[in-house]
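Engineer: Below is a structure I'd like to ask you about.
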Amino acid sequence: MIRPRRPCIGVFDSGFGGLTVLKELIAIAPEADYIYFGDTARLPYGSKSAETVARYAVGAAQYLEQHGAQMLVIACNTATALALDQIKQASSVPVVGVVEPGAARAAAASQVRRVVVIGTEATVSSHAYAKALQAQGIEATEKACPLLVPLVEEGWAKHTIAEQVARIYLDQAFIGDFKSADVLVLGCTHYPLLKPLLQKLVPAHVTIVDSADSTARVVSDLLRKGLPKLSSETERRRIPRLEFFVTDSVEKFRRMGEQFLGSPIEDVEHVELKE
Ligand code: DGL
């Protein structure tokens, strides 16, 4: 029997955080196989300029396409916010970023039409989320939370230090007109790990929108409409094949990545990207 070809999706992130998006993709769109590129040698992107992020992200996207990706998911909020247009121009396959899906979900969830977005310094400075939300008639305030990424990477997502830091950021974001905001958008790959803590800290009426989960749903819809050649239920249910490419230590990626993906990481290869 000839097996139906499974779609191959390339997932790009500055490092480990995009594994939260991959985790959702595996859960929501298990009918595809995934190749993941983590630019661990050059993270963090969140404090870099738009030119630098675009150069790095385009190189990584091209690498994924050359390795067979038929669709690209830009899991990194910073890369999406700063370089989605350049990545799309340099790619010949469909490209999905995380900002639009997160903003669309937030717009659908907000009753009062006021939303708070948290992300890296670079994502917030780009106002990509505010623009995407404004286009849907939503007022947004954006708050950079630069200390949250290192806290999560330290494994302190449940630590009281993380709680104290997050409380300060949220108090500064939910002020003035935005005291009544009813949606908090997690505009960074690392924040889904902080979700239980953030849920405790935000006012009870606030819904948390996770752009990882929103993006996975968009990808799943695209797969159902376009890419798949799935012929049987069995094939659809099969566990995705995962391959990882990283620009820094394979060992560190395995160790750190597990907390983001929620399962052990096996097939990892080190790559050098020529600029
Ligand atoms: N992946 C980045 C993001 O979602 C966070 C980590 C970084 O700054 O590279 O914005």
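Chain labels A, B, ... are given in the sequence in which chains occur in the structure tokens; within each chain residues are numbered consecutively from 1, and ligands are likewise numbered from 1 in the order shown.
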For Val202 (chain A), work out the shell of residues within 12 Å, counting only C-alpha atoms and skipping chain neighbours fewer than 4 positions away, then give it as a list of chain:residue names.
Structural biologist: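 Residues meeting the cut-off are A:Val116, A:Glu163, A:Ala166, A:Arg167, A:Ile168, A:Tyr169, A:Leu170, A:Asp171, A:Gln172, A:Ala173, A:Phe174, A:Lys179, A:Ser180, A:Ala181, A:Asp182, A:Val183, A:Leu184, A:Val185, A:Lys195, A:Pro196, A:Leu197, A:Leu198, A:Val206, A:Thr207, A:Ile208.
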Engineer: Do a neighbour search on Leu72 (chain A) at 10 Å with only C-alpha atoms, toss out local chain neighbours closer than 3 positions, and write the hits as a PyMOL selection string.
Structural biologist: chain A and resi 8-12+34-36+61-62+64-65+69+75+87-88+91-97+219
Engineer: Pick the closest to Gln86 (chain A) from A:Ser263, A:Thr52, A:Thr123, A:Thr247: which is it, counting only C-alpha atoms?
Structural biologist: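 Of the candidates, the smallest distance to Gln86 (chain A) is held by A:Thr52.
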Engineer: Mind running chain A against ligand 1 at 10 Å and telling me each contacting residue's nearest atom pair with the distance in Å (one decimal), counting only C-alpha atoms and all ligand atoms, chain and number ascending, as a Markdown table?
Structural biologist:
| residue | atom | partner | partner_atom_place_in_ligand_line | distance |
| --- | --- | --- | --- | --- |
| A:Phe12 | CA | ligand 1 | 1 (N) | 9.2 |
| A:Asp13 | CA | ligand 1 | 1 (N) | 5.7 |
| A:Ser14 | CA | ligand 1 | 9 (O) | 4.7 |
| A:Gly15 | CA | ligand 1 | 9 (O) | 6.4 |
| A:Phe16 | CA | ligand 1 | 1 (N) | 7.4 |
| A:Gly17 | CA | ligand 1 | 1 (N) | 5.3 |
| A:Gly18 | CA | ligand 1 | 1 (N) | 6.1 |
| A:Leu19 | CA | ligand 1 | 1 (N) | 9.5 |
| A:Thr20 | CA | ligand 1 | 4 (O) | 9.9 |
| A:Val21 | CA | ligand 1 | 4 (O) | 9.8 |
| A:Gly38 | CA | ligand 1 | 1 (N) | 9.3 |
| A:Asp39 | CA | ligand 1 | 9 (O) | 8.6 |
| A:Thr40 | CA | ligand 1 | 9 (O) | 8.5 |
| A:Arg42 | CA | ligand 1 | 9 (O) | 8.1 |
| A:Leu43 | CA | ligand 1 | 9 (O) | 4.7 |
| A:Pro44 | CA | ligand 1 | 9 (O) | 3.3 |
| A:Tyr45 | CA | ligand 1 | 9 (O) | 3.7 |
| A:Gly46 | CA | ligand 1 | 8 (O) | 3.3 |
| A:Ser47 | CA | ligand 1 | 8 (O) | 6.4 |
| A:Lys48 | CA | ligand 1 | 8 (O) | 8.2 |
| A:Val53 | CA | ligand 1 | 9 (O) | 9.5 |
| A:Ile74 | CA | ligand 1 | 4 (O) | 9.4 |
| A:Ala75 | CA | ligand 1 | 4 (O) | 6.9 |
| A:Cys76 | CA | ligand 1 | 4 (O) | 4.0 |
| A:Asn77 | CA | ligand 1 | 4 (O) | 3.8 |
| A:Thr78 | CA | ligand 1 | 10 (O) | 3.9 |
| A:Ala79 | CA | ligand 1 | 10 (O) | 6.9 |
| A:Thr80 | CA | ligand 1 | 10 (O) | 8.3 |
| A:Ala81 | CA | ligand 1 | 10 (O) | 8.4 |
| A:Leu82 | CA | ligand 1 | 10 (O) | 9.9 |
| A:Val98 | CA | ligand 1 | 4 (O) | 8.8 |
| A:Val99 | CA | ligand 1 | 4 (O) | 9.9 |
| A:Ile118 | CA | ligand 1 | 10 (O) | 9.9 |
| A:Gly119 | CA | ligand 1 | 10 (O) | 6.3 |
| A:Thr120 | CA | ligand 1 | 10 (O) | 5.4 |
| A:Glu121 | CA | ligand 1 | 8 (O) | 8.3 |
| A:Ala122 | CA | ligand 1 | 10 (O) | 7.8 |
| A:Thr123 | CA | ligand 1 | 10 (O) | 6.5 |
| A:Val124 | CA | ligand 1 | 10 (O) | 9.5 |
| A:Pro146 | CA | ligand 1 | 8 (O) | 8.2 |
| A:Leu148 | CA | ligand 1 | 5 (C) | 9.4 |
| A:Val149 | CA | ligand 1 | 6 (C) | 6.3 |
| A:Pro150 | CA | ligand 1 | 6 (C) | 8.7 |
| A:Glu153 | CA | ligand 1 | 6 (C) | 9.5 |
| A:Leu186 | CA | ligand 1 | 4 (O) | 9.2 |
| A:Gly187 | CA | ligand 1 | 4 (O) | 6.6 |
| A:Cys188 | CA | ligand 1 | 4 (O) | 3.6 |
| A:Thr189 | CA | ligand 1 | 4 (O) | 3.9 |
| A:His190 | CA | ligand 1 | 5 (C) | 6.3 |
| A:Tyr191 | CA | ligand 1 | 4 (O) | 8.4 |
| A:Ser211 | CA | ligand 1 | 4 (O) | 9.6 |
| A:Ala212 | CA | ligand 1 | 4 (O) | 9.6 |
Engineer: Would you save the residues of that selection, restricted to C-alpha atoms, as a PDB file, in the first residue's frame?
Structural biologist:
ATOM      1  CA  PHE A  12      10.834  28.755  13.548  1.00  0.00           C
ATOM      2  CA  ASP A  13      11.796  30.399  16.822  1.00  0.00           C
ATOM      3  CA  SER A  14      14.723  32.301  18.301  1.00  0.00           C
ATOM      4  CA  GLY A  15      15.326  29.344  20.609  1.00  0.00           C
ATOM      5  CA  PHE A  16      13.347  27.225  23.038  1.00  0.00           C
ATOM      6  CA  GLY A  17      10.114  29.188  23.472  1.00  0.00           C
ATOM      7  CA  GLY A  18       8.665  28.216  20.100  1.00  0.00           C
ATOM      8  CA  LEU A  19       8.354  24.708  21.501  1.00  0.00           C
ATOM      9  CA  THR A  20       5.198  25.945  23.268  1.00  0.00           C
ATOM     10  CA  VAL A  21       3.758  26.579  19.801  1.00  0.00           C
ATOM     11  CA  GLY A  38      15.732  27.159  17.136  1.00  0.00           C
ATOM     12  CA  ASP A  39      18.296  29.915  16.660  1.00  0.00           C
ATOM     13  CA  THR A  40      19.739  29.265  20.111  1.00  0.00           C
ATOM     14  CA  ARG A  42      21.629  34.155  18.637  1.00  0.00           C
ATOM     15  CA  LEU A  43      18.801  34.409  21.175  1.00  0.00           C
ATOM     16  CA  PRO A  44      17.295  36.509  22.620  1.00  0.00           C
ATOM     17  CA  TYR A  45      15.644  38.263  19.687  1.00  0.00           C
ATOM     18  CA  GLY A  46      13.479  40.337  22.001  1.00  0.00           C
ATOM     19  CA  SER A  47      16.176  42.942  22.623  1.00  0.00           C
ATOM     20  CA  LYS A  48      17.487  43.139  19.025  1.00  0.00           C
ATOM     21  CA  VAL A  53      15.882  40.001  13.601  1.00  0.00           C
ATOM     22  CA  ILE A  74       6.874  31.774  12.736  1.00  0.00           C
ATOM     23  CA  ALA A  75       6.419  30.803  16.368  1.00  0.00           C
ATOM     24  CA  CYS A  76       8.527  33.669  17.669  1.00  0.00           C
ATOM     25  CA  ASN A  77       6.392  36.708  18.499  1.00  0.00           C
ATOM     26  CA  THR A  78       9.358  39.034  18.077  1.00  0.00           C
ATOM     27  CA  ALA A  79      10.243  37.660  14.627  1.00  0.00           C
ATOM     28  CA  THR A  80       6.588  37.801  13.588  1.00  0.00           C
ATOM     29  CA  ALA A  81       6.178  41.355  14.846  1.00  0.00           C
ATOM     30  CA  LEU A  82       9.368  42.654  13.260  1.00  0.00           C
ATOM     31  CA  VAL A  98       1.602  34.298  15.743  1.00  0.00           C
ATOM     32  CA  VAL A  99       0.405  37.904  16.002  1.00  0.00           C
ATOM     33  CA  ILE A 118       2.449  41.535  27.132  1.00  0.00           C
ATOM     34  CA  GLY A 119       5.606  40.670  25.180  1.00  0.00           C
ATOM     35  CA  THR A 120       9.279  41.391  24.667  1.00  0.00           C
ATOM     36  CA  GLU A 121      10.701  44.887  24.344  1.00  0.00           C
ATOM     37  CA  ALA A 122      10.981  44.528  20.550  1.00  0.00           C
ATOM     38  CA  THR A 123       7.460  43.131  20.054  1.00  0.00           C
ATOM     39  CA  VAL A 124       5.969  45.925  22.129  1.00  0.00           C
ATOM     40  CA  PRO A 146      11.729  41.647  29.660  1.00  0.00           C
ATOM     41  CA  LEU A 148       9.847  37.085  32.280  1.00  0.00           C
ATOM     42  CA  VAL A 149      11.818  35.257  29.548  1.00  0.00           C
ATOM     43  CA  PRO A 150      14.953  34.705  31.706  1.00  0.00           C
ATOM     44  CA  GLU A 153      14.355  29.817  31.136  1.00  0.00           C
ATOM     45  CA  LEU A 186       0.385  36.348  25.958  1.00  0.00           C
ATOM     46  CA  GLY A 187       2.506  37.837  23.159  1.00  0.00           C
ATOM     47  CA  CYS A 188       5.664  35.843  23.786  1.00  0.00           C
ATOM     48  CA  THR A 189       6.541  32.198  23.330  1.00  0.00           C
ATOM     49  CA  HIS A 190       7.615  31.780  26.954  1.00  0.00           C
ATOM     50  CA  TYR A 191       4.483  33.078  28.647  1.00  0.00           C
ATOM     51  CA  SER A 211      -1.122  33.087  20.786  1.00  0.00           C
ATOM     52  CA  ALA A 212       0.489  29.619  20.631  1.00  0.00           C
TER      53      ALA A 212
END
Engineer: Considering only C-alpha atoms, return as a PyMOL selection string whatever protein or nucleic-acid residues lie within 9 Å of Ala103 (chain A), sequence-local ones (same chain, fewer than 6 positions apart) excluded.
Structural biologist: chain A and resi 129-130+132-133+136+185+209+211+214
Engineer: Calculate how many Å separate CA of Asp221 (chain A) from CA of Gly68 (chain A), rounding to one decimal.
Structural biologist: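 Result for CA of Asp221 (chain A) versus CA of Gly68 (chain A): 20.5 Å, one decimal.
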